[in-house]
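Asks: Quick one: the structure is below, and I'll ask about it shortly.
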Amino acid sequence: MASFDIFFLSLRDPSKAGRLRFVQTLGHISDKTNDEIEDILGTGRGLLFERLSRERANAVVKALGNAGARLEIRPNQAPPAQDDVVATRECPRCGFIERADAEECSQCGLVFAKWEREQIRVMQREKRLEEAMAKALQVRQKWTERATEYVAKHPLSGEIPAPLQAKLSPQETVFMLVESEEGPLVLTSRRCLCRRGGFTFSVPWELMAGIDFGGGLLKKRGDFSRMQMNFHGPVPIGGGETAQKLMWQVGDLDATDRDTIMSWAYARKFPCGACGETELHFQFDGKKVHGRCMHCATDHEIDLEEALAIPILAD
Ligand SMILES: [Zn+2]
Ligand SMILES: [Zn+2]
């Protein structure tokens with residue numbers, strides 16, 4: 001294995017500040033004293049390091065290059081030798097070459113151990129997220145098939161209203177349209193997409209605690225009857241409002257439609273992304289719906305459009 005010699009040529013910035021930067025950096029990554037370094041600068045050229053391994057040569061070139069030095073690298077046929085370059089690492093945030101035993105980056109202040117812990121957390125989070133997504137997609141497939149079967153037997157009763165059509169994802173299947181006095185509802189393999197009071201909002205089936213029709217309080221007005229949606233938690237319905245339940249005066253639905261709506265509304269729950277249990281407690285923080293697992297306390301952000309519960313790892 002060949003080695004590399006590194007020669008100093010000049011400084012790109014020969015001002016006092018430029019010299020200082022070079023002296024500090026070279027002192028930082030080697031055992032050279034300030035006097036030795038001043039010597040090198042005084043003569044203007046010189047062999048800085050001899051017979052470095054490829055890895056050490058790269059680190060030196062990067063560090064001194066960042067510090068404004070013009071260098072020349074010459075291959076040496078002799079094998080790498082002991083040198084006075086200290087073991088270094090590259091700061092993952094700013095790219096500064098730091099001593100390997102340093103606890104933090106002296107350029108940007110990054111604390112390496114903390115950064116490494118953070119990386120592990122990010123990886124764990126990504127892994128959990130991936131697993132949760134894979135599971136959610138499997139379940140989603142099942143419900144897409146169910147929606148497709150239903151709509152094949154019971155074709156849609158009209159056109160999907162334009163403001164709701166615009167919100168639909170190509171991956172979700174619409175299986176029923178419901179007219180109401182308050183506004184139209186589009187039922188899809190993922191969610192109830194609702195338009196009410198000028199707002200469009202999305203309620204994943206997983207947030208539905210049930211949908212009831214009529215019952216004791218049934219008030220008939222022409223062809224309209226009462227439909228009540230009950231949610232597992234507060235659902236944003238536009239204009240900064242949330243609702244725990246919503247009443248709709250819906251157009252006439254046949255018994256099959258009603259049974260279908262009721263069965264969809266009871267059938268699904270978000271699984272916890274960490275432990276798999278399905279008891280999330282939902283809260284609205286003013287911006288987003290969160291779901292905290294009652295078993296392991298993992299918090300989730302609920303994506304209402306995608307109908308996904310995304311686990312958030314605590315610090
Ligand atoms: Zn740094
Ligand atoms: Zn859990």
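If you're wondering about the labels, chains in the structure tokens are A, B, ... by order shown, residues count from 1 in each chain, ligands from 1 in order shown.
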Extract, using only C-alpha atoms, all DNA, RNA and protein residues at most 10 Å from A:Ala132, discarding same-chain residues fewer than 4 positions from it, and format them as an MDAnalysis selection string.
Replies: chainID A and resid 126:128 136:137 271:274 276 308:311
Asks: Hey, which residues come within 7 Å of ligand 1 if we count only C-alpha atoms and all ligand atoms? Could you give them as a VMD selection string?
Replies: chain A and resid 91 to 96 105 to 110
Asks: Pull N, CA and C atoms from the residues just selected and write them as a short mmCIF file (atom, residue, chain, number, x, y, z; two decimals), in the first residue's frame.
Replies:
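Written file, result_25.cif:
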```cif
data_model
loop_
_atom_site.label_atom_id
_atom_site.label_comp_id
_atom_site.auth_asym_id
_atom_site.auth_seq_id
_atom_site.Cartn_x
_atom_site.Cartn_y
_atom_site.Cartn_z
N CYS A 91 -17.04 16.52 11.45
CA CYS A 91 -18.30 16.93 12.06
C CYS A 91 -19.45 16.65 11.09
N PRO A 92 -20.45 15.89 11.53
CA PRO A 92 -21.55 15.54 10.60
C PRO A 92 -22.43 16.73 10.24
N ARG A 93 -22.31 17.82 11.01
CA ARG A 93 -23.16 18.97 10.70
C ARG A 93 -22.45 19.97 9.79
N CYS A 94 -21.20 20.35 10.14
CA CYS A 94 -20.57 21.43 9.37
C CYS A 94 -19.37 20.94 8.57
N GLY A 95 -18.96 19.66 8.73
CA GLY A 95 -17.87 19.12 7.93
C GLY A 95 -16.49 19.46 8.46
N PHE A 96 -16.42 20.17 9.58
CA PHE A 96 -15.13 20.52 10.18
C PHE A 96 -14.40 19.25 10.62
N CYS A 105 -17.85 19.74 18.37
CA CYS A 105 -17.20 20.38 17.23
C CYS A 105 -16.79 21.79 17.63
N SER A 106 -15.50 22.12 17.43
CA SER A 106 -15.08 23.46 17.86
C SER A 106 -15.48 24.53 16.86
N GLN A 107 -16.01 24.14 15.72
CA GLN A 107 -16.51 25.14 14.78
C GLN A 107 -17.99 25.45 14.98
N CYS A 108 -18.84 24.40 15.07
CA CYS A 108 -20.28 24.69 15.16
C CYS A 108 -20.88 24.31 16.50
N GLY A 109 -20.08 23.68 17.37
CA GLY A 109 -20.58 23.41 18.72
C GLY A 109 -21.42 22.15 18.85
N LEU A 110 -21.54 21.37 17.77
CA LEU A 110 -22.33 20.14 17.85
C LEU A 110 -21.71 19.19 18.88
#
```
Asks: Hey, which residues sit close to ligand 2? Say within 9 Å, counting only C-alpha atoms and all ligand atoms, and write them as a list of chain:residue names.
Replies: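 Within the 9 Å cut-off, the matching residues are A:Pro271, A:Cys272, A:Gly273, A:Ala274, A:Cys275, A:Gly276, A:Glu277, A:Thr278, A:Glu279, A:Leu280, A:Arg292, A:Cys293, A:Met294, A:His295, A:Cys296, A:Ala297, A:Thr298, A:Asp299.
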Asks: Print the selection's residues with N, CA and C atoms to a file, as an mmCIF file, in the first residue's frame.
Replies:
```
data_model
loop_
_atom_site.group_PDB
_atom_site.id
_atom_site.type_symbol
_atom_site.label_atom_id
_atom_site.label_comp_id
_atom_site.auth_asym_id
_atom_site.auth_seq_id
_atom_site.Cartn_x
_atom_site.Cartn_y
_atom_site.Cartn_z
ATOM 1 N N PRO A 271 -54.175 1.409 15.147
ATOM 2 C CA PRO A 271 -53.299 0.690 16.075
ATOM 3 C C PRO A 271 -52.150 1.610 16.523
ATOM 4 N N CYS A 272 -51.699 1.409 17.751
ATOM 5 C CA CYS A 272 -50.532 2.151 18.249
ATOM 6 C C CYS A 272 -49.316 1.729 17.426
ATOM 7 N N GLY A 273 -48.550 2.699 16.965
ATOM 8 C CA GLY A 273 -47.378 2.409 16.140
ATOM 9 C C GLY A 273 -46.263 1.729 16.917
ATOM 10 N N ALA A 274 -46.332 1.775 18.257
ATOM 11 C CA ALA A 274 -45.270 1.172 19.065
ATOM 12 C C ALA A 274 -45.669 -0.195 19.592
ATOM 13 N N CYS A 275 -46.885 -0.344 20.137
ATOM 14 C CA CYS A 275 -47.249 -1.620 20.780
ATOM 15 C C CYS A 275 -48.369 -2.355 20.058
ATOM 16 N N GLY A 276 -49.026 -1.715 19.106
ATOM 17 C CA GLY A 276 -50.040 -2.415 18.321
ATOM 18 C C GLY A 276 -51.432 -2.437 18.944
ATOM 19 N N GLU A 277 -51.552 -2.009 20.208
ATOM 20 C CA GLU A 277 -52.883 -1.960 20.829
ATOM 21 C C GLU A 277 -53.724 -0.873 20.147
ATOM 22 N N THR A 278 -55.043 -0.985 20.279
ATOM 23 C CA THR A 278 -55.897 -0.046 19.550
ATOM 24 C C THR A 278 -56.713 0.850 20.486
ATOM 25 N N GLU A 279 -56.055 1.347 21.523
ATOM 26 C CA GLU A 279 -56.759 2.287 22.402
ATOM 27 C C GLU A 279 -56.024 3.606 22.448
ATOM 28 N N LEU A 280 -56.240 4.410 21.435
ATOM 29 C CA LEU A 280 -55.643 5.741 21.434
ATOM 30 C C LEU A 280 -56.637 6.722 22.049
ATOM 31 N N ARG A 292 -52.844 9.456 21.909
ATOM 32 C CA ARG A 292 -51.894 8.871 22.858
ATOM 33 C C ARG A 292 -52.348 7.464 23.203
ATOM 34 N N CYS A 293 -51.398 6.526 23.120
ATOM 35 C CA CYS A 293 -51.724 5.131 23.407
ATOM 36 C C CYS A 293 -51.970 4.951 24.909
ATOM 37 N N MET A 294 -53.082 4.333 25.255
ATOM 38 C CA MET A 294 -53.432 4.136 26.655
ATOM 39 C C MET A 294 -52.607 3.005 27.281
ATOM 40 N N HIS A 295 -51.914 2.232 26.444
ATOM 41 C CA HIS A 295 -51.105 1.131 26.971
ATOM 42 C C HIS A 295 -49.652 1.521 27.181
ATOM 43 N N CYS A 296 -49.055 2.169 26.175
ATOM 44 C CA CYS A 296 -47.614 2.436 26.278
ATOM 45 C C CYS A 296 -47.300 3.935 26.239
ATOM 46 N N ALA A 297 -48.332 4.782 26.161
ATOM 47 C CA ALA A 297 -48.185 6.243 26.230
ATOM 48 C C ALA A 297 -47.505 6.859 25.009
ATOM 49 N N THR A 298 -47.286 6.078 23.958
ATOM 50 C CA THR A 298 -46.719 6.664 22.738
ATOM 51 C C THR A 298 -47.723 7.636 22.115
ATOM 52 N N ASP A 299 -47.211 8.811 21.777
ATOM 53 C CA ASP A 299 -48.055 9.823 21.154
ATOM 54 C C ASP A 299 -48.018 9.636 19.634
#
```
Asks: Quick one: everything within 8 Å of A:Phe213, counting only C-alpha atoms, minus sequence neighbours fewer than 4 positions away in the same chain. Send it as a list in words.
Replies: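 After dropping sequence-adjacent residues, the list is Leu218, Ser225, Arg226, Met227, Gln228 and Arg258 of chain A.
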Asks: Residues of the last selection are to be written out with all heavy atoms, as a short mmCIF file (atom, residue, chain, number, x, y, z; two decimals), in the first residue's frame.
Replies:
```
data_model
loop_
_atom_site.label_atom_id
_atom_site.label_comp_id
_atom_site.auth_asym_id
_atom_site.auth_seq_id
_atom_site.Cartn_x
_atom_site.Cartn_y
_atom_site.Cartn_z
N LEU A 218 -85.89 10.92 15.92
CA LEU A 218 -86.07 11.09 14.47
C LEU A 218 -87.08 12.18 14.15
O LEU A 218 -88.20 12.21 14.64
CB LEU A 218 -86.54 9.76 13.86
CG LEU A 218 -86.91 9.82 12.38
CD1 LEU A 218 -85.68 10.08 11.52
CD2 LEU A 218 -87.58 8.53 11.95
N SER A 225 -83.71 12.76 6.77
CA SER A 225 -83.79 12.18 8.11
C SER A 225 -82.46 12.41 8.82
O SER A 225 -81.47 12.82 8.21
CB SER A 225 -84.11 10.69 8.03
OG SER A 225 -83.09 10.03 7.34
N ARG A 226 -82.44 12.11 10.09
CA ARG A 226 -81.33 12.52 10.94
C ARG A 226 -80.23 11.46 10.95
O ARG A 226 -80.49 10.27 11.12
CB ARG A 226 -81.91 12.72 12.34
CG ARG A 226 -80.99 13.17 13.39
CD ARG A 226 -81.87 13.46 14.63
NE ARG A 226 -81.10 13.48 15.83
CZ ARG A 226 -80.79 12.40 16.54
NH1 ARG A 226 -81.17 11.20 16.14
NH2 ARG A 226 -80.08 12.51 17.65
N MET A 227 -79.00 11.90 10.78
CA MET A 227 -77.85 10.99 10.88
C MET A 227 -76.87 11.61 11.88
O MET A 227 -76.50 12.77 11.74
CB MET A 227 -77.16 10.84 9.52
CG MET A 227 -75.91 9.98 9.56
SD MET A 227 -75.19 9.71 7.92
CE MET A 227 -74.06 11.10 7.80
N GLN A 228 -76.48 10.85 12.87
CA GLN A 228 -75.54 11.38 13.86
C GLN A 228 -74.21 10.64 13.78
O GLN A 228 -74.16 9.42 13.87
CB GLN A 228 -76.11 11.25 15.28
CG GLN A 228 -75.14 11.82 16.30
CD GLN A 228 -75.70 11.83 17.72
OE1 GLN A 228 -76.88 12.13 17.92
NE2 GLN A 228 -74.86 11.50 18.68
N ARG A 258 -77.62 2.42 4.70
CA ARG A 258 -77.50 2.74 6.13
C ARG A 258 -76.69 1.68 6.87
O ARG A 258 -75.81 2.01 7.66
CB ARG A 258 -78.89 2.80 6.77
CG ARG A 258 -79.67 4.01 6.32
CD ARG A 258 -81.05 3.95 6.94
NE ARG A 258 -81.82 5.08 6.43
CZ ARG A 258 -82.66 5.79 7.18
NH1 ARG A 258 -82.85 5.48 8.43
NH2 ARG A 258 -83.31 6.80 6.65
#
```
Asks: Give me, as JSON lines, each residue of stretch 181-261 of chain A that comes within 9 Å of stretch 152-175 of chain A, together with its shortest interatomic pair and the distance in Å at one decimal, counting only C-alpha atoms, with rows ordered by chain and rising residue number.
Replies:
```
{"residue": "A:Pro184", "atom": "CA", "partner": "A:Pro161", "partner_atom": "CA", "distance": 7.4}
{"residue": "A:Leu185", "atom": "CA", "partner": "A:Leu164", "partner_atom": "CA", "distance": 8.4}
{"residue": "A:Val186", "atom": "CA", "partner": "A:Val174", "partner_atom": "CA", "distance": 6.8}
{"residue": "A:Leu187", "atom": "CA", "partner": "A:Val174", "partner_atom": "CA", "distance": 5.8}
{"residue": "A:Thr188", "atom": "CA", "partner": "A:Val174", "partner_atom": "CA", "distance": 4.1}
{"residue": "A:Ser189", "atom": "CA", "partner": "A:Thr173", "partner_atom": "CA", "distance": 5.2}
{"residue": "A:Arg190", "atom": "CA", "partner": "A:Glu172", "partner_atom": "CA", "distance": 6.4}
{"residue": "A:Arg191", "atom": "CA", "partner": "A:Glu172", "partner_atom": "CA", "distance": 8.9}
{"residue": "A:Leu193", "atom": "CA", "partner": "A:Leu164", "partner_atom": "CA", "distance": 7.0}
{"residue": "A:Cys194", "atom": "CA", "partner": "A:Leu164", "partner_atom": "CA", "distance": 7.6}
{"residue": "A:Arg195", "atom": "CA", "partner": "A:Leu164", "partner_atom": "CA", "distance": 7.5}
{"residue": "A:Thr200", "atom": "CA", "partner": "A:Leu164", "partner_atom": "CA", "distance": 7.3}
{"residue": "A:Asp257", "atom": "CA", "partner": "A:His154", "partner_atom": "CA", "distance": 8.9}
```
Asks: Keeping only all heavy atoms, write the selected residues to a file as an mmCIF file, in the first residue's frame.
Replies:
```cif
data_model
loop_
_atom_site.group_PDB
_atom_site.id
_atom_site.type_symbol
_atom_site.label_atom_id
_atom_site.label_comp_id
_atom_site.auth_asym_id
_atom_site.auth_seq_id
_atom_site.Cartn_x
_atom_site.Cartn_y
_atom_site.Cartn_z
ATOM 1 N N PRO A 184 -72.608 18.145 1.176
ATOM 2 C CA PRO A 184 -72.406 16.780 0.688
ATOM 3 C C PRO A 184 -71.351 16.010 1.481
ATOM 4 O O PRO A 184 -70.446 16.601 2.070
ATOM 5 C CB PRO A 184 -71.935 16.998 -0.752
ATOM 6 C CG PRO A 184 -71.297 18.344 -0.743
ATOM 7 C CD PRO A 184 -72.003 19.156 0.307
ATOM 8 N N LEU A 185 -71.503 14.676 1.477
ATOM 9 C CA LEU A 185 -70.519 13.781 2.095
ATOM 10 C C LEU A 185 -70.081 12.768 1.055
ATOM 11 O O LEU A 185 -70.900 12.249 0.309
ATOM 12 C CB LEU A 185 -71.148 13.031 3.270
ATOM 13 C CG LEU A 185 -71.639 13.887 4.432
ATOM 14 C CD1 LEU A 185 -73.053 13.520 4.806
ATOM 15 C CD2 LEU A 185 -70.729 13.708 5.611
ATOM 16 N N VAL A 186 -68.776 12.546 1.007
ATOM 17 C CA VAL A 186 -68.231 11.522 0.110
ATOM 18 C C VAL A 186 -67.595 10.450 0.983
ATOM 19 O O VAL A 186 -66.699 10.740 1.783
ATOM 20 C CB VAL A 186 -67.185 12.138 -0.849
ATOM 21 C CG1 VAL A 186 -66.517 11.063 -1.686
ATOM 22 C CG2 VAL A 186 -67.836 13.182 -1.748
ATOM 23 N N LEU A 187 -68.090 9.231 0.863
ATOM 24 C CA LEU A 187 -67.538 8.136 1.672
ATOM 25 C C LEU A 187 -66.528 7.359 0.835
ATOM 26 O O LEU A 187 -66.841 6.920 -0.270
ATOM 27 C CB LEU A 187 -68.650 7.201 2.148
ATOM 28 C CG LEU A 187 -69.885 7.850 2.781
ATOM 29 C CD1 LEU A 187 -70.752 6.789 3.460
ATOM 30 C CD2 LEU A 187 -69.511 8.932 3.785
ATOM 31 N N THR A 188 -65.325 7.255 1.362
ATOM 32 C CA THR A 188 -64.264 6.575 0.608
ATOM 33 C C THR A 188 -63.694 5.419 1.430
ATOM 34 O O THR A 188 -64.036 5.250 2.597
ATOM 35 C CB THR A 188 -63.108 7.528 0.233
ATOM 36 O OG1 THR A 188 -62.172 7.587 1.325
ATOM 37 C CG2 THR A 188 -63.603 8.935 -0.073
ATOM 38 N N SER A 189 -62.823 4.667 0.789
ATOM 39 C CA SER A 189 -62.192 3.531 1.467
ATOM 40 C C SER A 189 -61.388 3.977 2.687
ATOM 41 O O SER A 189 -61.065 3.172 3.545
ATOM 42 C CB SER A 189 -61.271 2.800 0.488
ATOM 43 O OG SER A 189 -60.447 3.741 -0.184
ATOM 44 N N ARG A 190 -61.058 5.278 2.799
ATOM 45 C CA ARG A 190 -60.257 5.789 3.898
ATOM 46 C C ARG A 190 -61.025 6.556 4.952
ATOM 47 O O ARG A 190 -60.640 6.581 6.102
ATOM 48 C CB ARG A 190 -59.271 6.816 3.355
ATOM 49 C CG ARG A 190 -57.982 6.285 2.950
ATOM 50 C CD ARG A 190 -57.125 7.417 2.452
ATOM 51 N NE ARG A 190 -56.269 6.863 1.443
ATOM 52 C CZ ARG A 190 -55.311 7.532 0.840
ATOM 53 N NH1 ARG A 190 -55.115 8.800 1.140
ATOM 54 N NH2 ARG A 190 -54.573 6.946 -0.060
ATOM 55 N N ARG A 191 -62.056 7.285 4.484
ATOM 56 C CA ARG A 191 -62.580 8.346 5.347
ATOM 57 C C ARG A 191 -63.925 8.855 4.853
ATOM 58 O O ARG A 191 -64.362 8.535 3.755
ATOM 59 C CB ARG A 191 -61.589 9.510 5.335
ATOM 60 C CG ARG A 191 -61.344 9.961 3.886
ATOM 61 C CD ARG A 191 -60.411 11.134 3.790
ATOM 62 N NE ARG A 191 -60.001 11.380 2.417
ATOM 63 C CZ ARG A 191 -59.535 12.530 1.985
ATOM 64 N NH1 ARG A 191 -59.394 13.538 2.816
ATOM 65 N NH2 ARG A 191 -59.177 12.681 0.732
ATOM 66 N N LEU A 193 -65.318 12.288 3.688
ATOM 67 C CA LEU A 193 -64.912 13.628 3.292
ATOM 68 C C LEU A 193 -66.175 14.474 3.300
ATOM 69 O O LEU A 193 -67.151 14.145 2.624
ATOM 70 C CB LEU A 193 -64.289 13.539 1.901
ATOM 71 C CG LEU A 193 -63.569 14.758 1.375
ATOM 72 C CD1 LEU A 193 -62.476 15.225 2.324
ATOM 73 C CD2 LEU A 193 -62.960 14.428 0.013
ATOM 74 N N CYS A 194 -66.172 15.534 4.120
ATOM 75 C CA CYS A 194 -67.410 16.275 4.384
ATOM 76 C C CYS A 194 -67.281 17.728 3.946
ATOM 77 O O CYS A 194 -66.201 18.312 4.016
ATOM 78 C CB CYS A 194 -67.720 16.274 5.884
ATOM 79 S SG CYS A 194 -67.563 14.674 6.680
ATOM 80 N N ARG A 195 -68.399 18.282 3.543
ATOM 81 C CA ARG A 195 -68.456 19.720 3.243
ATOM 82 C C ARG A 195 -69.615 20.274 4.064
ATOM 83 O O ARG A 195 -70.745 19.793 3.970
ATOM 84 C CB ARG A 195 -68.678 19.910 1.747
ATOM 85 C CG ARG A 195 -68.740 21.342 1.324
ATOM 86 C CD ARG A 195 -67.613 21.707 0.359
ATOM 87 N NE ARG A 195 -67.687 23.136 0.060
ATOM 88 C CZ ARG A 195 -66.720 24.001 0.340
ATOM 89 N NH1 ARG A 195 -65.592 23.587 0.892
ATOM 90 N NH2 ARG A 195 -66.864 25.279 0.073
ATOM 91 N N THR A 200 -64.384 22.221 4.137
ATOM 92 C CA THR A 200 -64.219 20.819 3.789
ATOM 93 C C THR A 200 -63.328 20.192 4.845
ATOM 94 O O THR A 200 -62.302 20.764 5.212
ATOM 95 C CB THR A 200 -63.549 20.690 2.406
ATOM 96 O OG1 THR A 200 -64.377 21.342 1.449
ATOM 97 C CG2 THR A 200 -63.361 19.239 1.998
ATOM 98 N N ASP A 257 -77.698 0.958 2.310
ATOM 99 C CA ASP A 257 -76.755 2.070 2.469
ATOM 100 C C ASP A 257 -76.527 2.370 3.956
ATOM 101 O O ASP A 257 -75.391 2.538 4.405
ATOM 102 C CB ASP A 257 -77.292 3.334 1.782
ATOM 103 C CG ASP A 257 -77.281 3.215 0.265
ATOM 104 O OD1 ASP A 257 -76.547 2.354 -0.249
ATOM 105 O OD2 ASP A 257 -78.015 3.976 -0.401
#
```
Asks: DSSP on the backbone: which residues in stretch 26-266 of chain A end up as strand (DSSP E)? Give the answer as a ChimeraX atom specification.
Replies: /A:46-52,69-76,88-90,97-99,174-178,185-188,191-196,199-204,208-213,225-238,241-250
Asks: Go ahead and dump the residues you just picked, C-alpha atoms, as a short mmCIF file (atom, residue, chain, number, x, y, z; two decimals), in the first residue's frame.
Replies:
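This went into selection_17.cif:
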```
data_model
loop_
_atom_site.label_atom_id
_atom_site.label_comp_id
_atom_site.auth_asym_id
_atom_site.auth_seq_id
_atom_site.Cartn_x
_atom_site.Cartn_y
_atom_site.Cartn_z
CA GLY A 46 7.46 22.75 2.92
CA LEU A 47 6.74 19.18 3.63
CA LEU A 48 3.92 19.13 6.17
CA PHE A 49 3.35 15.41 6.50
CA GLU A 50 5.12 12.37 5.17
CA ARG A 51 3.87 8.89 4.36
CA LEU A 52 0.24 9.35 5.47
CA ALA A 69 -4.32 26.27 2.50
CA ARG A 70 -3.16 25.37 -1.00
CA LEU A 71 -1.55 21.96 -0.79
CA GLU A 72 0.19 19.50 -3.00
CA ILE A 73 -0.26 15.77 -2.50
CA ARG A 74 2.44 13.44 -3.78
CA PRO A 75 2.17 9.66 -3.71
CA ASN A 76 5.01 7.92 -1.94
CA THR A 88 -9.73 12.90 13.48
CA ARG A 89 -13.41 12.78 12.70
CA GLU A 90 -15.53 14.90 10.46
CA ILE A 97 -12.28 18.06 10.85
CA GLU A 98 -12.18 17.60 14.59
CA ARG A 99 -9.95 15.50 16.84
CA VAL A 174 -65.27 6.40 -3.33
CA PHE A 175 -68.12 4.01 -2.59
CA MET A 176 -71.03 6.27 -1.62
CA LEU A 177 -72.28 9.84 -1.94
CA VAL A 178 -74.60 11.20 0.71
CA LEU A 185 -70.52 13.78 2.10
CA VAL A 186 -68.23 11.52 0.11
CA LEU A 187 -67.54 8.14 1.67
CA THR A 188 -64.26 6.57 0.61
CA ARG A 191 -62.58 8.35 5.35
CA CYS A 192 -65.66 10.52 5.27
CA LEU A 193 -64.91 13.63 3.29
CA CYS A 194 -67.41 16.27 4.38
CA ARG A 195 -68.46 19.72 3.24
CA ARG A 196 -70.30 21.79 5.80
CA PHE A 199 -65.52 24.11 5.08
CA THR A 200 -64.22 20.82 3.79
CA PHE A 201 -62.87 18.38 6.35
CA SER A 202 -61.84 14.80 6.56
CA VAL A 203 -62.79 12.21 9.17
CA PRO A 204 -60.86 8.92 8.99
CA MET A 208 -65.60 7.26 14.02
CA ALA A 209 -67.13 5.78 17.13
CA GLY A 210 -70.34 5.12 15.25
CA ILE A 211 -73.00 6.58 12.98
CA ASP A 212 -76.66 6.35 14.00
CA PHE A 213 -79.79 7.01 12.02
CA SER A 225 -83.79 12.18 8.11
CA ARG A 226 -81.33 12.52 10.94
CA MET A 227 -77.85 10.99 10.88
CA GLN A 228 -75.54 11.38 13.86
CA MET A 229 -71.79 10.86 13.64
CA ASN A 230 -69.97 10.14 16.89
CA PHE A 231 -66.20 10.56 17.05
CA HIS A 232 -63.57 9.04 19.34
CA GLY A 233 -62.15 12.50 19.95
CA PRO A 234 -62.36 16.10 18.83
CA VAL A 235 -62.35 16.41 15.04
CA PRO A 236 -61.56 19.75 13.35
CA ILE A 237 -64.52 20.76 11.19
CA GLY A 238 -63.13 24.06 9.87
CA GLU A 241 -63.98 24.51 15.48
CA THR A 242 -63.87 20.92 16.57
CA ALA A 243 -66.74 18.52 17.16
CA GLN A 244 -67.11 15.35 19.17
CA LYS A 245 -70.28 14.51 17.24
CA LEU A 246 -72.08 15.93 14.24
CA MET A 247 -75.71 15.88 13.19
CA TRP A 248 -76.71 15.77 9.54
CA GLN A 249 -80.12 15.96 7.85
CA VAL A 250 -79.49 13.44 5.11
#
```
Asks: Calculated over only C-alpha atoms, which of the candidates A:Gln24, A:Arg125, A:Trp205, A:Arg54 has the smallest distance to A:Met262?
Replies: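 Closest to A:Met262, using only C-alpha atoms: A:Trp205.
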Asks: Using only C-alpha atoms, find the one residue out of A:Val85, A:Ile29, A:Leu253, A:Leu207 that sits nearest to A:Leu64.
Replies: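 With only C-alpha atoms as the atom set, the closest residue is A:Ile29.
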Asks: Pick out the closest residue to A:Glu306 from this set: A:Asp285, A:Glu206, A:Asp252, A:Asp39. Count only C-alpha atoms.
Replies: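 Among the listed residues, A:Glu206 lies closest to A:Glu306.
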Asks: Considering only C-alpha atoms, state which residue in the set A:Met1, A:Val61, A:Val122, A:Ala147 is at the smallest distance from A:Gln77.
Replies: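 Residue with the minimum atom-to-atom distance to A:Gln77: A:Met1.
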Asks: Give me, please, the distance in Å between atom CA of A:Ser15 and atom CA of A:Gly68, quoted to one decimal.
Replies: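 Taking atom CA of A:Ser15 and atom CA of A:Gly68, their separation equals 11.0 Å.
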